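Reviewing the structure listed below.
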Amino acid sequence: MRLRETKGDAVSYGVINALVVFLLAMVLYPIIYVISCSVSSPDLVASGKILFFPRGVNLMGYRRVFQDPAIMSGYANTLFYTVAGTAINLAVTVPAGYAMARKGLPGGRVITLLFLFTMYFSGGMVPLFMLIKNLRLYNTRWALLLLGAFSMYNCIICRSFFASVPRELTEAAEIDGCNPIRAFVQVVLPVSQALLGVMTLYFAVGHWNSYFNAMMYTSDQAIQPLQLVLRKILVLEQEQTAMMQAASDEYLAEQSKLRELIKYSVIVVSSLPVMVLYPFLQRYFVKGVMIGSVKG
Amino acid sequence: MLLLPAFVYICLFSYAPLYGLQIAFKDFYGSLGILGSPWVGFKHFSDFFSGFYFWRTFGNTIILSAYSLAINFPVPIILALMLNELKSARYKKFAQTALYAPHFISVVVMVGILHTMFSPSIGVVNTALEALGRERVYFMALPRLFRAMYVLSGTWQEMGWAAVIYIAALAGVDPALHESARIDGASRLQRIIHINLPCISTTIILLLILSIGGLINVGYEKIYLMQNEVNLEVSEVISTLVYKRGIINNRVSFSTAVGLFNNVVNLALLVSANFIAGRLSRESLF
């Protein structure tokens, strides 16, 4: 049966639509603004003349960004941390989630409680910092790779997912003489692509965007990730980068304009990989939110 | 076997630091080590509680959290209810995707965008204010604006993402309920309030418990980036204090004590929130 829309409903629909459009504009405007600025002329950017569309289009900002050794080294480090860190995350967290989902794990209840406790109570920042120093991990790449290698929150998502995988699947394999680990790798993992997609995305975005651990546990710029370089440029506004130090007096005014332009370019360059990828992966992570909510 | 790597990890990085917690009750000297340093009981706690910074820091933490909760908790619910009403599936999908784009921006970039857009000299917001005949405002430095900047930039960044879970819950609402309500003459607004809202109330309560449990865990990574000399009176929170005193100034024992206080309050909040919710609606986390 179809019902005709009443006048009141049409009005409320109009209001809702208008609000959604307003919110979309609020959310998208800063993104468009930053992109527009990043391709505009430095003079116009530095005098605040860009409002929406780019003006005096050029790629000077991007050229500078790609010539900057600090940014490029940060970028390479971030790529390394993201790829290697995510691999470690997956190797540690996903099997643990599977083990917890299986009934008949010896001492399973105690272990689960032991794990859950870490979600609610921790030693805190300073004892962890001292531990890292004592383990001689301070200022090494390992500190950034190993810290957060296991995530209890994501482990719970894995557990909920694996709990929904039919037991018969592994039982059949084990009857055929397959040990549990092989059954996990060869039977369960291949049917868990959605989960692996979500986990990869969560972990990778986390590595790509994190700065606090790097700020705490590294001091050597050669191993620092992109976000710390960004912090210097965007937040501390230090004239840190080599090309700025190289500036001679007569270019100084020019350089300060360029510095404004570079901020926008570097924002785009650093956020681009994630922003380009996420719409394609979204069916996975929406699923991830769902799996996570099952637990509740 | 499958658990082993994770087990080693939590023993090493979650439980080993608990051992280090004892320095909160000691005067830590690097030369004496954790075990050898002398016990001082609750000295560092009383230093913190009686210190000038306690109420300011504790207050800032709670106020920032409470403001965040008051605004950033209901907004995604309302957003989800609105998106759910959109008729075109394509438009709905587009709106959703666009609205959670900011979630993927890093905190550093987020604060960087705030700095550039709200810059007193060239920021577009100030350009607009001037065009309206208003004065330029140094948004990032004024203490009275800090809280609004923090909370609202959080809304901008997270509302779309936070709405995802409600949208998913709304997809499970039985269309027959709406059908019969419409036959009975219920308006759209009435149906949203009396059908959709109750249907997702379980999800809402659950997430509310989680939020209240995390009330003392403000987004210190972002706050630290937004801090400057001028706004410290409103922007210093417990975690940033721990970081600055403990890691930068090396006041190890004092910071450990402050951090421990933070964790204990956090645990208490979570347990009590869960208990209350359990009593109210049998929606419990454990």
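By order in the structure tokens, chains are A, B, ...; within a chain, residues start at 1; ligands start at 1, following the order shown.
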For Asn72 in chain B: contacts at 9 Å, only C-alpha atoms, fewer than 4 positions along chain excluded, given as a list of chain:residue names =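 The filter keeps B:Tyr67, B:Ser68, B:Pro76, B:Val151, B:Leu152, B:Gly154, B:Thr155, B:Glu158, B:Met159, B:Ala162.
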Dump of all heavy atoms for the selected residues, as a short mmCIF file (atom, residue, chain, number, x, y, z; two decimals), in the first residue's frame:
data_model
loop_
_atom_site.label_atom_id
_atom_site.label_comp_id
_atom_site.auth_asym_id
_atom_site.auth_seq_id
_atom_site.Cartn_x
_atom_site.Cartn_y
_atom_site.Cartn_z
N TYR B 67 31.75 19.07 27.84
CA TYR B 67 31.30 19.82 26.67
C TYR B 67 31.29 18.93 25.43
O TYR B 67 30.34 18.93 24.65
CB TYR B 67 32.21 21.03 26.41
CG TYR B 67 31.93 22.23 27.30
CD1 TYR B 67 32.76 23.34 27.27
CD2 TYR B 67 30.83 22.26 28.14
CE1 TYR B 67 32.53 24.44 28.07
CE2 TYR B 67 30.59 23.35 28.94
CZ TYR B 67 31.45 24.44 28.91
OH TYR B 67 31.21 25.53 29.70
N SER B 68 32.37 18.17 25.28
CA SER B 68 32.46 17.27 24.13
C SER B 68 31.29 16.31 24.11
O SER B 68 30.64 16.10 23.10
CB SER B 68 33.74 16.45 24.20
OG SER B 68 34.76 17.11 23.55
N PRO B 76 25.71 13.21 16.30
CA PRO B 76 25.66 12.07 15.35
C PRO B 76 24.32 11.36 15.33
O PRO B 76 23.90 10.85 14.28
CB PRO B 76 26.75 11.13 15.88
CG PRO B 76 27.64 11.98 16.68
CD PRO B 76 26.79 13.05 17.27
N VAL B 151 35.99 21.59 20.93
CA VAL B 151 34.79 20.76 20.83
C VAL B 151 34.22 20.78 19.41
O VAL B 151 33.90 19.73 18.84
CB VAL B 151 33.72 21.22 21.85
CG1 VAL B 151 32.41 20.50 21.60
CG2 VAL B 151 34.21 21.00 23.26
N LEU B 152 34.12 21.96 18.82
CA LEU B 152 33.47 22.06 17.52
C LEU B 152 34.34 21.46 16.40
O LEU B 152 33.82 20.90 15.45
CB LEU B 152 33.10 23.50 17.20
CG LEU B 152 32.01 24.05 18.14
CD1 LEU B 152 31.71 25.51 17.83
CD2 LEU B 152 30.73 23.22 18.05
N GLY B 154 36.07 18.94 16.87
CA GLY B 154 35.79 17.52 17.07
C GLY B 154 34.48 17.13 16.40
O GLY B 154 34.37 16.08 15.77
N THR B 155 33.48 17.99 16.53
CA THR B 155 32.20 17.74 15.87
C THR B 155 32.41 17.63 14.37
O THR B 155 31.93 16.69 13.72
CB THR B 155 31.20 18.89 16.12
OG1 THR B 155 31.26 19.24 17.49
CG2 THR B 155 29.80 18.51 15.72
N GLU B 158 34.32 14.29 13.58
CA GLU B 158 33.85 12.95 13.94
C GLU B 158 32.36 12.69 13.77
O GLU B 158 31.92 11.56 13.91
CB GLU B 158 34.25 12.62 15.38
CG GLU B 158 35.75 12.57 15.62
CD GLU B 158 36.46 11.50 14.79
OE1 GLU B 158 35.82 10.52 14.38
OE2 GLU B 158 37.67 11.65 14.55
N MET B 159 31.54 13.72 13.51
CA MET B 159 30.10 13.45 13.52
C MET B 159 29.68 12.42 12.48
O MET B 159 28.86 11.55 12.75
CB MET B 159 29.29 14.74 13.38
CG MET B 159 29.41 15.43 12.06
SD MET B 159 28.29 16.86 11.99
CE MET B 159 28.86 17.61 10.48
N ALA B 162 30.81 8.93 13.63
CA ALA B 162 30.05 8.44 14.77
C ALA B 162 28.62 8.08 14.36
O ALA B 162 27.97 7.25 15.00
CB ALA B 162 30.04 9.49 15.88
#
Neighbours of chain A in chain B at 7 Å, counting only C-alpha atoms, as number ranges by chain = B: 2-3, 5-6, 9, 14, 17-18, 20-21, 82, 95, 97, 99, 101, 104-106, 108-109, 112, 122-124, 156, 165, 187-188, 221, 225, 246-247, 252, 255-256, 259-260, 263, 267, 285
Which one is closest to Val218 in chain B: B:Thr203, B:Ser119, B:Ser65, B:Ser180? Count only C-alpha atoms.
->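 Answer, going by the shortest atom-to-atom distance: B:Ser65.
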Write down as a PyMOL selection string the residues belonging to range 50-178 of chain A that are assigned helix (DSSP H, G or I) by DSSP computed on the backbone.
-> chain A and resi 60-67+69-101+108-120+125-134+141-146+152-163+167-175
Shell around Ser201 in chain B at 10 Å using only C-alpha atoms, local window under 6 positions removed, as a list of chain:residue names =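 My list of contacting residues is B:Tyr166, B:Ala169, B:Leu207.
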Output the selection as a JSON list (two decimals), in the first residue's frame - all heavy atoms for each residue.
[["chain", "number", "residue", "atom", "x", "y", "z"],
["B", 166, "TYR", "N", 24.82, 4.40, 14.14],
["B", 166, "TYR", "CA", 23.37, 4.64, 14.29],
["B", 166, "TYR", "C", 22.63, 4.37, 12.99],
["B", 166, "TYR", "O", 21.51, 3.86, 12.98],
["B", 166, "TYR", "CB", 23.11, 6.07, 14.76],
["B", 166, "TYR", "CG", 23.71, 6.38, 16.10],
["B", 166, "TYR", "CD1", 24.72, 7.31, 16.23],
["B", 166, "TYR", "CD2", 23.26, 5.73, 17.25],
["B", 166, "TYR", "CE1", 25.28, 7.60, 17.47],
["B", 166, "TYR", "CE2", 23.81, 6.00, 18.48],
["B", 166, "TYR", "CZ", 24.82, 6.94, 18.59],
["B", 166, "TYR", "OH", 25.37, 7.22, 19.80],
["B", 169, "ALA", "N", 22.12, 0.83, 12.74],
["B", 169, "ALA", "CA", 21.05, 0.39, 13.63],
["B", 169, "ALA", "C", 19.68, 0.76, 13.04],
["B", 169, "ALA", "O", 18.72, -0.01, 13.14],
["B", 169, "ALA", "CB", 21.22, 1.01, 15.01],
["B", 207, "LEU", "N", 26.54, 3.22, 23.81],
["B", 207, "LEU", "CA", 27.61, 4.16, 23.47],
["B", 207, "LEU", "C", 27.74, 5.25, 24.52],
["B", 207, "LEU", "O", 28.83, 5.76, 24.77],
["B", 207, "LEU", "CB", 27.36, 4.77, 22.10],
["B", 207, "LEU", "CG", 27.50, 3.78, 20.95],
["B", 207, "LEU", "CD1", 27.18, 4.42, 19.63],
["B", 207, "LEU", "CD2", 28.92, 3.21, 20.91]]
Do you have the CA of Val269 in chain A-CA of Gly85 in chain A distance handy?
-> 21.1 Å
Record the distance separating CA of Ile35 in chain A and CA of Pro54 in chain A, expressed in Å with one decimal.
->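 These atoms are spaced 8.1 Å apart.
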Residues near Glu233 in chain B, cut-off 9 Å, only C-alpha atoms, skip fewer than 2 positions along chain, as a PyMOL selection string | chain B and resi 56-57+60+143+229-231+235-236
Which distance in Å separates CA of Ser38 in chain A and CA of Ser265 in chain A, to one decimal?
->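 According to the coordinates, CA of Ser38 in chain A and CA of Ser265 in chain A are separated by 4.6 Å.
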